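**Student:** Structure in structure tokens, see below.
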Amino acid sequence: MELLKELKGRDFLSLADFTPVQLEYLIDFAKFLKQEKKAGKPIDFLKGKTLGMIFQKSSTRTRVSFEAGIYYLGGVGLFLSANDLQIGRGEPIKDTARVLSRYLDGIMIRTYAHSQVEELAEYADIPIINGLTDLLHPVQVLADLQTVIEHKGALKGLNLTYIGDGNNMANSLINGGTKMGMNVVIACPKGYEPDADIVANGYKFAQSSGGSLKITHSPAEGAAGADVLYTDVWASMGQEAEAEEKYQRFKGFCLDEKLLALADKEAIVLHCLPAKRGLEITDGVLESRQSVVFDEAENRLWAQMAIMASVM
Ligand code: CP
Ligand code: NVA
């Protein structure tokens with residue numbers, strides 16, 4: 001109850017803004033919602049509440065899991081394509097924030113610049129949830145942590161290696177993993193490292209949680225002894241123009257059977273999806289018995305329901 005009070009009314013912009021205890025609470029809450037809903041028990045904690053969902057980029061998982069999730073909690077979701085809003089014609093975010101605050105109980109937003117989400121949060125009186133920016137994807141990583149716990153029993157002390165682009169996924173995995181006492185390794189090509197401020201904070205989080213953080217340019221070194229192997233696309237949404245160059249630069253960073261064989265025998269494979277088979281991951285690894293990507297995708301629903309039910 002104390003933790004619920006701490007979380008009520010908060011924005012959910014970055015995992016770095018929350019304590020390990022608060023993150024653990026959200027994961028436990030997600031587990032509870034999953035159990036209760038599957039047992040047919042009532043979970044209508046947000047009866048009569050309305051969530052606006054602003055999308056400036058494409059989405060399958062985020063859109064559908066937020067919309068279904070708010071409905072299962074007793075509320076309603078409004079899909080707002082940024083192209084159809086006046087934002088698309090240049091209305092400032094700060095005006096949109098104050099107007100939507102008069103109609104809604106919360107907003108989830110997926111956009112490009114992280115500063116847009118911060119500005120929305122600054123001007124809105126209602127909780128703002130980050131549904132992906134170029135910098136971070138925190139709701140995904142909360143679901144990822146829940147998935148790791150379900151399959152490995154814990155987080156603390158586990159070796160989590162991310163192989164690929166130092167993008168929004170790498171940044172949020174650093175935040176979440178180091179906060180929760182994991183040994184996080186990012187294996188990326190030179191010049192594609194994660195955000196420098198996030199890395200600097202990650203070292204600090206690791207120091208207080210007993211975890212660690214390492215950036216390497218060797219995928220084999222990263223994969224060796226990993227309990228969790230993670231990858232994501234090499235060209236993120238908005239990077240279409242750089243895609244061909246990146247595909248050349250990332251050769252050798254494909255999560256394939258050879259890299260998987262270097263990991264712990266019981267290692268699990270995660271990918272936030274959508275995946276490009278044959279680039280960042282082979283079809284064989286994605287479809288292997290060690291891959292838990294669809295459990296991971298499912299947990300988006302429960303983790304986000306826990307976030308919404310707590311902050312809204
Ligand atoms: N992983 C993820 O956020 O998927 P979508 O882009 O489909 O929402
Ligand atoms: N890094 C990817 C994640 C998609 C869920 C992107 O931003 O496109």
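Each chain in the structure tokens gets a letter, A, B and so on, in the order shown; residues start at 1 in every chain, and ligands are counted from 1 in the order they appear.
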At a cut-off of 8 Å and counting only C-alpha atoms and all ligand atoms, what residues surround ligand 1? Please answer as a ChimeraX atom specification.
**Tutor:** /A:58-64,131-132,137,140,272-274,297
**Student:** Now that the selection is made, can you save its residues with C-alpha atoms as an mmCIF file, in the first residue's frame?
**Tutor:**
data_model
loop_
_atom_site.group_PDB
_atom_site.id
_atom_site.type_symbol
_atom_site.label_atom_id
_atom_site.label_comp_id
_atom_site.auth_asym_id
_atom_site.auth_seq_id
_atom_site.Cartn_x
_atom_site.Cartn_y
_atom_site.Cartn_z
ATOM 1 C CA SER A 58 4.287 2.063 -35.926
ATOM 2 C CA SER A 59 3.415 -0.552 -33.323
ATOM 3 C CA THR A 60 1.853 -3.981 -32.927
ATOM 4 C CA ARG A 61 2.654 -5.020 -29.340
ATOM 5 C CA THR A 62 2.561 -1.641 -27.630
ATOM 6 C CA ARG A 63 -0.631 -0.497 -29.235
ATOM 7 C CA VAL A 64 -2.605 -3.691 -28.769
ATOM 8 C CA GLY A 131 5.807 3.754 -24.981
ATOM 9 C CA LEU A 132 9.227 4.078 -26.718
ATOM 10 C CA HIS A 137 11.841 1.661 -24.127
ATOM 11 C CA GLN A 140 9.403 -3.276 -22.724
ATOM 12 C CA CYS A 272 11.608 -7.293 -28.029
ATOM 13 C CA LEU A 273 10.261 -7.961 -31.573
ATOM 14 C CA PRO A 274 9.686 -7.249 -34.382
ATOM 15 C CA ALA A 297 5.657 -10.338 -25.780
#
**Student:** Stretch 110-125 of chain A: which residues within 12 Å, counting only C-alpha atoms, same-chain residues fewer than 3 positions away excluded, as a VMD selection string?
**Tutor:** chain A and resid 9 to 14 52 to 59 62 to 63 66 79 to 83 87 to 88 92 to 107 128 to 139 168 236 to 239 312
**Student:** Quick check, in Å to one decimal: how far apart do atom CA of A:Gly225 and atom CA of A:Leu262 lie?
**Tutor:**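 Atom-to-atom, atom CA of A:Gly225 to atom CA of A:Leu262, that is 6.5 Å.
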**Student:** When you count only C-alpha atoms, which of these residues is closest to A:Lys190: A:Ile307, A:Val285, A:Ile215, A:Val141?
**Tutor:** A:Ile215
**Student:** Pick out the residues sitting within 9 Å of A:Gly202, and hand them over as a PDB file with N, CA and C atoms, in the first residue's frame; count only C-alpha atoms, and ignore anything fewer than 6 positions along from it in its own chain.
**Tutor:**
ATOM      1  N   ALA A  16      15.168   4.429 -14.798  1.00  0.00           N
ATOM      2  CA  ALA A  16      16.151   5.069 -13.915  1.00  0.00           C
ATOM      3  C   ALA A  16      15.476   5.914 -12.832  1.00  0.00           C
ATOM      4  N   ILE A 174      20.201  -1.467 -19.716  1.00  0.00           N
ATOM      5  CA  ILE A 174      21.232  -1.018 -18.771  1.00  0.00           C
ATOM      6  C   ILE A 174      20.544  -0.466 -17.520  1.00  0.00           C
ATOM      7  N   ASN A 175      19.569   0.417 -17.707  1.00  0.00           N
ATOM      8  CA  ASN A 175      18.844   0.983 -16.554  1.00  0.00           C
ATOM      9  C   ASN A 175      18.246  -0.120 -15.682  1.00  0.00           C
ATOM     10  N   GLY A 176      17.444  -0.977 -16.307  1.00  0.00           N
ATOM     11  CA  GLY A 176      16.704  -1.983 -15.541  1.00  0.00           C
ATOM     12  C   GLY A 176      17.617  -3.052 -14.959  1.00  0.00           C
ATOM     13  N   GLY A 177      18.546  -3.539 -15.773  1.00  0.00           N
ATOM     14  CA  GLY A 177      19.419  -4.631 -15.331  1.00  0.00           C
ATOM     15  C   GLY A 177      20.341  -4.216 -14.196  1.00  0.00           C
ATOM     16  N   THR A 178      20.977  -3.063 -14.340  1.00  0.00           N
ATOM     17  CA  THR A 178      21.920  -2.641 -13.289  1.00  0.00           C
ATOM     18  C   THR A 178      21.179  -2.258 -12.012  1.00  0.00           C
ATOM     19  N   LYS A 179      19.976  -1.703 -12.135  1.00  0.00           N
ATOM     20  CA  LYS A 179      19.171  -1.395 -10.934  1.00  0.00           C
ATOM     21  C   LYS A 179      18.863  -2.667 -10.146  1.00  0.00           C
ATOM     22  N   SER A 212      26.812  -5.446 -12.248  1.00  0.00           N
ATOM     23  CA  SER A 212      27.954  -4.877 -12.970  1.00  0.00           C
ATOM     24  C   SER A 212      27.513  -4.487 -14.374  1.00  0.00           C
ATOM     25  N   LEU A 213      28.366  -3.714 -15.020  1.00  0.00           N
ATOM     26  CA  LEU A 213      28.091  -3.277 -16.388  1.00  0.00           C
ATOM     27  C   LEU A 213      29.386  -3.294 -17.174  1.00  0.00           C
TER      28      LEU A 213
END
**Student:** Which residue is closest to ligand 2? Choose from A:Gly210, A:Pro189, A:Gly222, A:Gly164 and count only C-alpha atoms and all ligand atoms.
**Tutor:**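 Between A:Gly210, A:Pro189, A:Gly222, A:Gly164, the residue approaching ligand 2 most closely is A:Gly164.
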**Student:** Give me the residues near A:Phe294 as a list in words, where near means some atom within 12 Å (using only C-alpha atoms) and where sequence neighbours in that chain fewer than 6 positions away do not count.
**Tutor:**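 Answer for this query is Arg61, Ala143, Asp144, Thr147, Val269, Leu270, His271, Cys272, Leu273, Pro274, Ala275, Leu286, Glu287, Ser288, Arg300 and Leu301 of chain A.
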**Student:** For atom CA of A:Tyr203 and atom CA of A:Ala224, quote the distance in Å rounded to one decimal.
**Tutor:**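 Here the two named atoms are 20.9 Å from each other.
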**Student:** Using backbone DSSP assignments, extract all alpha helix (DSSP H) residues from stretch 99-131 of chain A; output them as a list in words.
**Tutor:**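 DSSP on the backbone gives alpha helix (DSSP H) at Val99, Leu100, Ser101, His114, Ser115, Gln116, Val117, Glu118, Glu119, Leu120, Ala121, Glu122 and Tyr123 of chain A.
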**Student:** Go ahead and write the selection's residues with C-alpha atoms as a short mmCIF file (atom, residue, chain, number, x, y, z; two decimals), in the first residue's frame.
**Tutor:**
data_model
loop_
_atom_site.label_atom_id
_atom_site.label_comp_id
_atom_site.auth_asym_id
_atom_site.auth_seq_id
_atom_site.Cartn_x
_atom_site.Cartn_y
_atom_site.Cartn_z
CA VAL A 99 -5.71 20.17 -23.26
CA LEU A 100 -5.54 16.36 -23.01
CA SER A 101 -5.06 16.63 -19.23
CA HIS A 114 12.88 11.71 -25.74
CA SER A 115 12.66 15.45 -25.01
CA GLN A 116 9.12 15.42 -26.50
CA VAL A 117 7.98 12.96 -23.83
CA GLU A 118 9.67 14.98 -21.12
CA GLU A 119 7.93 18.13 -22.34
CA LEU A 120 4.58 16.35 -22.41
CA ALA A 121 5.15 15.20 -18.83
CA GLU A 122 6.21 18.66 -17.71
CA TYR A 123 3.02 20.31 -18.97
#
**Student:** Between A:Asp17, A:Asp295, A:Glu240, A:Asp195, which is the closest to ligand 2 once you count only C-alpha atoms and all ligand atoms?
**Tutor:**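 Closest residue, counting only C-alpha atoms and all ligand atoms: A:Glu240.
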**Student:** So which residues of stretch 19-230 of chain A fall under strand (DSSP E or B) by DSSP, listed as a PDB file with N, CA and C atoms, in the first residue's frame?
**Tutor:**
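Output file out37.pdb follows:
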ATOM      1  N   THR A  50      -9.741   6.727 -18.514  1.00  0.00           N
ATOM      2  CA  THR A  50      -9.442   6.815 -19.950  1.00  0.00           C
ATOM      3  C   THR A  50      -7.960   7.072 -20.190  1.00  0.00           C
ATOM      4  N   LEU A  51      -7.371   6.251 -21.057  1.00  0.00           N
ATOM      5  CA  LEU A  51      -5.963   6.401 -21.446  1.00  0.00           C
ATOM      6  C   LEU A  51      -5.885   6.866 -22.901  1.00  0.00           C
ATOM      7  N   GLY A  52      -5.189   7.973 -23.143  1.00  0.00           N
ATOM      8  CA  GLY A  52      -4.907   8.396 -24.516  1.00  0.00           C
ATOM      9  C   GLY A  52      -3.610   7.741 -24.963  1.00  0.00           C
ATOM     10  N   MET A  53      -3.567   7.259 -26.207  1.00  0.00           N
ATOM     11  CA  MET A  53      -2.361   6.569 -26.698  1.00  0.00           C
ATOM     12  C   MET A  53      -1.894   7.264 -27.979  1.00  0.00           C
ATOM     13  N   ILE A  54      -0.855   8.099 -27.839  1.00  0.00           N
ATOM     14  CA  ILE A  54      -0.348   8.870 -28.981  1.00  0.00           C
ATOM     15  C   ILE A  54       0.766   8.087 -29.672  1.00  0.00           C
ATOM     16  N   PHE A  55       0.584   7.841 -30.953  1.00  0.00           N
ATOM     17  CA  PHE A  55       1.599   7.099 -31.719  1.00  0.00           C
ATOM     18  C   PHE A  55       2.142   7.938 -32.871  1.00  0.00           C
ATOM     19  N   VAL A  76     -10.918   2.606 -20.668  1.00  0.00           N
ATOM     20  CA  VAL A  76     -10.989   2.641 -22.129  1.00  0.00           C
ATOM     21  C   VAL A  76      -9.744   3.332 -22.679  1.00  0.00           C
ATOM     22  N   GLY A  77      -9.282   2.872 -23.836  1.00  0.00           N
ATOM     23  CA  GLY A  77      -8.104   3.470 -24.476  1.00  0.00           C
ATOM     24  C   GLY A  77      -8.495   4.177 -25.761  1.00  0.00           C
ATOM     25  N   LEU A  78      -7.888   5.332 -26.002  1.00  0.00           N
ATOM     26  CA  LEU A  78      -8.143   6.073 -27.239  1.00  0.00           C
ATOM     27  C   LEU A  78      -6.878   6.058 -28.074  1.00  0.00           C
ATOM     28  N   PHE A  79      -6.933   5.453 -29.255  1.00  0.00           N
ATOM     29  CA  PHE A  79      -5.778   5.437 -30.150  1.00  0.00           C
ATOM     30  C   PHE A  79      -5.701   6.769 -30.882  1.00  0.00           C
ATOM     31  N   LEU A  80      -4.599   7.476 -30.704  1.00  0.00           N
ATOM     32  CA  LEU A  80      -4.437   8.812 -31.274  1.00  0.00           C
ATOM     33  C   LEU A  80      -3.207   8.812 -32.179  1.00  0.00           C
ATOM     34  N   SER A  81      -3.429   8.697 -33.462  1.00  0.00           N
ATOM     35  CA  SER A  81      -2.300   8.767 -34.389  1.00  0.00           C
ATOM     36  C   SER A  81      -1.833  10.218 -34.459  1.00  0.00           C
ATOM     37  N   GLY A 106      -4.704   9.524 -18.206  1.00  0.00           N
ATOM     38  CA  GLY A 106      -3.307   9.156 -18.443  1.00  0.00           C
ATOM     39  C   GLY A 106      -3.031   9.182 -19.931  1.00  0.00           C
ATOM     40  N   ILE A 107      -1.753   9.326 -20.287  1.00  0.00           N
ATOM     41  CA  ILE A 107      -1.360   9.292 -21.701  1.00  0.00           C
ATOM     42  C   ILE A 107      -0.157   8.373 -21.867  1.00  0.00           C
ATOM     43  N   MET A 108      -0.234   7.493 -22.865  1.00  0.00           N
ATOM     44  CA  MET A 108       0.936   6.724 -23.296  1.00  0.00           C
ATOM     45  C   MET A 108       1.371   7.335 -24.616  1.00  0.00           C
ATOM     46  N   ILE A 109       2.659   7.568 -24.774  1.00  0.00           N
ATOM     47  CA  ILE A 109       3.141   8.174 -26.020  1.00  0.00           C
ATOM     48  C   ILE A 109       4.339   7.421 -26.583  1.00  0.00           C
ATOM     49  N   ARG A 110       4.331   7.205 -27.898  1.00  0.00           N
ATOM     50  CA  ARG A 110       5.484   6.641 -28.624  1.00  0.00           C
ATOM     51  C   ARG A 110       5.913   7.693 -29.640  1.00  0.00           C
ATOM     52  N   ILE A 128       2.154  10.368 -17.509  1.00  0.00           N
ATOM     53  CA  ILE A 128       2.609  10.121 -18.877  1.00  0.00           C
ATOM     54  C   ILE A 128       3.449   8.844 -18.866  1.00  0.00           C
ATOM     55  N   ILE A 129       3.125   7.933 -19.775  1.00  0.00           N
ATOM     56  CA  ILE A 129       3.860   6.663 -19.879  1.00  0.00           C
ATOM     57  C   ILE A 129       4.616   6.643 -21.207  1.00  0.00           C
ATOM     58  N   ASN A 130       5.908   6.365 -21.135  1.00  0.00           N
ATOM     59  CA  ASN A 130       6.755   6.314 -22.323  1.00  0.00           C
ATOM     60  C   ASN A 130       6.589   4.961 -23.034  1.00  0.00           C
ATOM     61  N   ASN A 159      23.661 -13.132 -15.515  1.00  0.00           N
ATOM     62  CA  ASN A 159      24.414 -12.471 -16.585  1.00  0.00           C
ATOM     63  C   ASN A 159      23.501 -12.219 -17.776  1.00  0.00           C
ATOM     64  N   LEU A 160      23.241 -10.947 -18.031  1.00  0.00           N
ATOM     65  CA  LEU A 160      22.389 -10.566 -19.162  1.00  0.00           C
ATOM     66  C   LEU A 160      23.242  -9.895 -20.224  1.00  0.00           C
ATOM     67  N   THR A 161      23.315 -10.506 -21.397  1.00  0.00           N
ATOM     68  CA  THR A 161      24.114  -9.928 -22.483  1.00  0.00           C
ATOM     69  C   THR A 161      23.225  -9.506 -23.634  1.00  0.00           C
ATOM     70  N   TYR A 162      23.386  -8.259 -24.021  1.00  0.00           N
ATOM     71  CA  TYR A 162      22.677  -7.712 -25.184  1.00  0.00           C
ATOM     72  C   TYR A 162      23.687  -7.590 -26.319  1.00  0.00           C
ATOM     73  N   ILE A 163      23.356  -8.178 -27.458  1.00  0.00           N
ATOM     74  CA  ILE A 163      24.260  -8.135 -28.619  1.00  0.00           C
ATOM     75  C   ILE A 163      23.604  -7.329 -29.722  1.00  0.00           C
ATOM     76  N   ASN A 183      24.330  -8.650 -13.984  1.00  0.00           N
ATOM     77  CA  ASN A 183      25.601  -8.353 -14.648  1.00  0.00           C
ATOM     78  C   ASN A 183      25.301  -8.127 -16.118  1.00  0.00           C
ATOM     79  N   VAL A 184      25.254  -6.852 -16.493  1.00  0.00           N
ATOM     80  CA  VAL A 184      24.814  -6.484 -17.842  1.00  0.00           C
ATOM     81  C   VAL A 184      26.034  -6.293 -18.743  1.00  0.00           C
ATOM     82  N   VAL A 185      26.013  -6.964 -19.887  1.00  0.00           N
ATOM     83  CA  VAL A 185      27.069  -6.767 -20.888  1.00  0.00           C
ATOM     84  C   VAL A 185      26.410  -6.296 -22.180  1.00  0.00           C
ATOM     85  N   ILE A 186      26.946  -5.232 -22.754  1.00  0.00           N
ATOM     86  CA  ILE A 186      26.479  -4.760 -24.062  1.00  0.00           C
ATOM     87  C   ILE A 186      27.603  -5.030 -25.052  1.00  0.00           C
ATOM     88  N   ALA A 187      27.326  -5.874 -26.052  1.00  0.00           N
ATOM     89  CA  ALA A 187      28.317  -6.165 -27.103  1.00  0.00           C
ATOM     90  C   ALA A 187      27.838  -5.506 -28.392  1.00  0.00           C
ATOM     91  N   SER A 212      26.812  -5.446 -12.248  1.00  0.00           N
ATOM     92  CA  SER A 212      27.954  -4.877 -12.970  1.00  0.00           C
ATOM     93  C   SER A 212      27.513  -4.487 -14.374  1.00  0.00           C
ATOM     94  N   LEU A 213      28.366  -3.714 -15.020  1.00  0.00           N
ATOM     95  CA  LEU A 213      28.091  -3.277 -16.388  1.00  0.00           C
ATOM     96  C   LEU A 213      29.386  -3.294 -17.174  1.00  0.00           C
ATOM     97  N   LYS A 214      29.315  -3.841 -18.390  1.00  0.00           N
ATOM     98  CA  LYS A 214      30.501  -3.887 -19.233  1.00  0.00           C
ATOM     99  C   LYS A 214      30.087  -3.637 -20.681  1.00  0.00           C
ATOM    100  N   ILE A 215      30.872  -2.810 -21.366  1.00  0.00           N
ATOM    101  CA  ILE A 215      30.644  -2.586 -22.801  1.00  0.00           C
ATOM    102  C   ILE A 215      31.803  -3.262 -23.536  1.00  0.00           C
ATOM    103  N   THR A 216      31.472  -4.126 -24.492  1.00  0.00           N
ATOM    104  CA  THR A 216      32.530  -4.800 -25.244  1.00  0.00           C
ATOM    105  C   THR A 216      32.215  -4.716 -26.744  1.00  0.00           C
ATOM    106  N   VAL A 228      21.081 -14.859 -19.962  1.00  0.00           N
ATOM    107  CA  VAL A 228      20.050 -14.256 -20.812  1.00  0.00           C
ATOM    108  C   VAL A 228      20.762 -13.596 -21.998  1.00  0.00           C
ATOM    109  N   LEU A 229      20.384 -13.997 -23.201  1.00  0.00           N
ATOM    110  CA  LEU A 229      20.923 -13.357 -24.414  1.00  0.00           C
ATOM    111  C   LEU A 229      19.806 -12.548 -25.054  1.00  0.00           C
ATOM    112  N   TYR A 230      20.102 -11.304 -25.361  1.00  0.00           N
ATOM    113  CA  TYR A 230      19.081 -10.387 -25.856  1.00  0.00           C
ATOM    114  C   TYR A 230      19.580  -9.743 -27.135  1.00  0.00           C
TER     115      TYR A 230
END
**Student:** Quick one: residues within 10 Å of A:Tyr72, only C-alpha atoms counted, chain neighbours fewer than 2 positions away excluded, as a VMD selection string?
**Tutor:** chain A and resid 33 37 42 to 47 66 to 70 74 to 76 301 305
**Student:** Using only C-alpha atoms, please write the residues we just selected to a file, as a PDB file, in the first residue's frame.
**Tutor:**
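Writing the result to again_4.pdb gives the following:
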ATOM      1  CA  LEU A  33      -2.727  -9.379 -12.527  1.00  0.00           C
ATOM      2  CA  LYS A  37      -7.150 -12.441 -14.919  1.00  0.00           C
ATOM      3  CA  PRO A  42     -12.077  -9.224 -11.239  1.00  0.00           C
ATOM      4  CA  ILE A  43      -9.204  -6.804 -11.872  1.00  0.00           C
ATOM      5  CA  ASP A  44     -11.152  -3.649 -12.751  1.00  0.00           C
ATOM      6  CA  PHE A  45      -8.839  -1.297 -10.837  1.00  0.00           C
ATOM      7  CA  LEU A  46      -9.275   1.508 -13.402  1.00  0.00           C
ATOM      8  CA  LYS A  47     -13.051   1.463 -13.813  1.00  0.00           C
ATOM      9  CA  PHE A  66      -2.050  -1.013 -23.912  1.00  0.00           C
ATOM     10  CA  GLU A  67      -5.488  -0.898 -25.497  1.00  0.00           C
ATOM     11  CA  ALA A  68      -6.452  -4.397 -24.336  1.00  0.00           C
ATOM     12  CA  GLY A  69      -4.825  -3.774 -20.945  1.00  0.00           C
ATOM     13  CA  ILE A  70      -6.756  -0.623 -20.081  1.00  0.00           C
ATOM     14  CA  GLY A  74     -12.180  -1.515 -16.585  1.00  0.00           C
ATOM     15  CA  GLY A  75     -11.160   1.591 -18.518  1.00  0.00           C
ATOM     16  CA  VAL A  76     -10.989   2.641 -22.129  1.00  0.00           C
ATOM     17  CA  LEU A 301       0.263  -6.770 -21.379  1.00  0.00           C
ATOM     18  CA  MET A 305      -1.380  -3.110 -16.737  1.00  0.00           C
TER      19      MET A 305
END
**Student:** Considering only C-alpha atoms, return as a ChimeraX atom specification whatever protein or nucleic-acid residues lie within 12 Å of stretch 242-250 of chain A, sequence-local ones (same chain, fewer than 4 positions apart) excluded.
**Tutor:** /A:163-166,187-192,217-219,232-238,254-255,276,278-281
**Student:** Go ahead and dump the residues you just picked, N, CA, C and O atoms, as a short mmCIF file (atom, residue, chain, number, x, y, z; two decimals), in the first residue's frame.
**Tutor:**
data_model
loop_
_atom_site.label_atom_id
_atom_site.label_comp_id
_atom_site.auth_asym_id
_atom_site.auth_seq_id
_atom_site.Cartn_x
_atom_site.Cartn_y
_atom_site.Cartn_z
N ILE A 163 23.36 -8.18 -27.46
CA ILE A 163 24.26 -8.13 -28.62
C ILE A 163 23.60 -7.33 -29.72
O ILE A 163 22.51 -7.69 -30.19
N GLY A 164 24.23 -6.23 -30.14
CA GLY A 164 23.67 -5.46 -31.24
C GLY A 164 23.87 -3.97 -31.11
O GLY A 164 24.91 -3.51 -30.61
N ASP A 165 22.87 -3.22 -31.54
CA ASP A 165 22.95 -1.76 -31.60
C ASP A 165 22.77 -1.16 -30.20
O ASP A 165 21.90 -1.57 -29.45
N GLY A 166 23.57 -0.15 -29.90
CA GLY A 166 23.44 0.55 -28.61
C GLY A 166 22.25 1.50 -28.64
O GLY A 166 22.41 2.71 -28.49
N ALA A 187 27.33 -5.87 -26.05
CA ALA A 187 28.32 -6.17 -27.10
C ALA A 187 27.84 -5.51 -28.39
O ALA A 187 26.83 -5.92 -28.97
N CYS A 188 28.54 -4.46 -28.80
CA CYS A 188 28.10 -3.69 -29.97
C CYS A 188 29.31 -3.33 -30.84
O CYS A 188 30.44 -3.32 -30.35
N PRO A 189 29.09 -3.03 -32.12
CA PRO A 189 30.20 -2.59 -32.96
C PRO A 189 30.71 -1.23 -32.48
O PRO A 189 29.95 -0.46 -31.88
N LYS A 190 31.98 -0.95 -32.76
CA LYS A 190 32.57 0.35 -32.41
C LYS A 190 31.77 1.47 -33.08
O LYS A 190 31.40 1.36 -34.25
N GLY A 191 31.47 2.50 -32.33
CA GLY A 191 30.71 3.62 -32.87
C GLY A 191 29.21 3.49 -32.66
O GLY A 191 28.46 4.40 -32.97
N TYR A 192 28.77 2.34 -32.15
CA TYR A 192 27.34 2.11 -31.92
C TYR A 192 27.07 1.79 -30.45
O TYR A 192 26.22 0.97 -30.12
N HIS A 217 33.25 -4.93 -27.58
CA HIS A 217 33.00 -4.96 -29.02
C HIS A 217 33.12 -6.39 -29.55
O HIS A 217 33.15 -6.60 -30.76
N SER A 218 33.20 -7.35 -28.61
CA SER A 218 33.30 -8.75 -29.00
C SER A 218 32.03 -9.51 -28.64
O SER A 218 31.76 -9.76 -27.46
N PRO A 219 31.24 -9.92 -29.64
CA PRO A 219 30.02 -10.67 -29.36
C PRO A 219 30.32 -11.99 -28.63
O PRO A 219 29.55 -12.40 -27.76
N ASP A 232 18.12 -7.04 -30.68
CA ASP A 232 17.09 -6.18 -31.26
C ASP A 232 17.55 -5.80 -32.66
O ASP A 232 18.73 -5.99 -33.00
N VAL A 233 16.65 -5.23 -33.42
CA VAL A 233 16.98 -4.84 -34.80
C VAL A 233 18.19 -3.91 -34.85
O VAL A 233 18.46 -3.18 -33.90
N TRP A 234 18.90 -3.95 -35.97
CA TRP A 234 20.07 -3.09 -36.15
C TRP A 234 19.67 -1.68 -36.60
O TRP A 234 20.37 -0.72 -36.30
N ALA A 235 18.58 -1.58 -37.34
CA ALA A 235 18.09 -0.27 -37.77
C ALA A 235 16.73 -0.04 -37.14
O ALA A 235 15.74 -0.70 -37.48
N SER A 236 16.67 0.87 -36.18
CA SER A 236 15.42 1.15 -35.47
C SER A 236 14.49 2.01 -36.31
O SER A 236 14.91 2.57 -37.34
N MET A 237 13.27 2.16 -35.83
CA MET A 237 12.31 3.03 -36.52
C MET A 237 12.87 4.45 -36.60
O MET A 237 13.34 4.98 -35.59
N GLY A 238 12.87 5.01 -37.79
CA GLY A 238 13.44 6.35 -37.99
C GLY A 238 14.85 6.29 -38.55
O GLY A 238 15.40 7.30 -38.95
N CYS A 254 25.32 -11.06 -35.39
CA CYS A 254 24.06 -11.82 -35.48
C CYS A 254 24.02 -12.85 -34.35
O CYS A 254 24.97 -13.61 -34.16
N LEU A 255 22.93 -12.86 -33.61
CA LEU A 255 22.76 -13.86 -32.55
C LEU A 255 22.41 -15.19 -33.23
O LEU A 255 21.26 -15.46 -33.54
N LYS A 276 14.20 -9.14 -37.39
CA LYS A 276 14.58 -9.36 -38.80
C LYS A 276 15.43 -10.61 -38.83
O LYS A 276 16.64 -10.58 -38.55
N GLY A 278 17.76 -13.49 -39.89
CA GLY A 278 18.88 -13.50 -40.83
C GLY A 278 19.76 -12.27 -40.70
O GLY A 278 20.86 -12.24 -41.24
N LEU A 279 19.30 -11.25 -39.97
CA LEU A 279 20.16 -10.10 -39.68
C LEU A 279 20.63 -10.21 -38.23
O LEU A 279 21.63 -10.86 -37.96
N GLU A 280 19.88 -9.63 -37.27
CA GLU A 280 20.35 -9.63 -35.88
C GLU A 280 20.18 -10.97 -35.17
O GLU A 280 20.79 -11.21 -34.13
N ILE A 281 19.34 -11.85 -35.73
CA ILE A 281 19.11 -13.16 -35.11
C ILE A 281 18.78 -14.18 -36.20
O ILE A 281 18.16 -13.80 -37.21
#
**Student:** If we count only C-alpha atoms, what is near A:Met180 at a cut-off of 10 Å, once residues fewer than 3 positions away on the same chain are taken out, given as an MDAnalysis selection string?
**Tutor:** chainID A and resid 19:21 23:24 145 154:158 174:177 183 205:206 208:211
**Student:** Atom 2 (C, counted along the ligand's line) of ligand 2 to atom CA of A:Leu73: how many Å, to one decimal?
**Tutor:**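 Separation between atom 2 (C, counted along the ligand's line) of ligand 2 and atom CA of A:Leu73: 27.5 Å.
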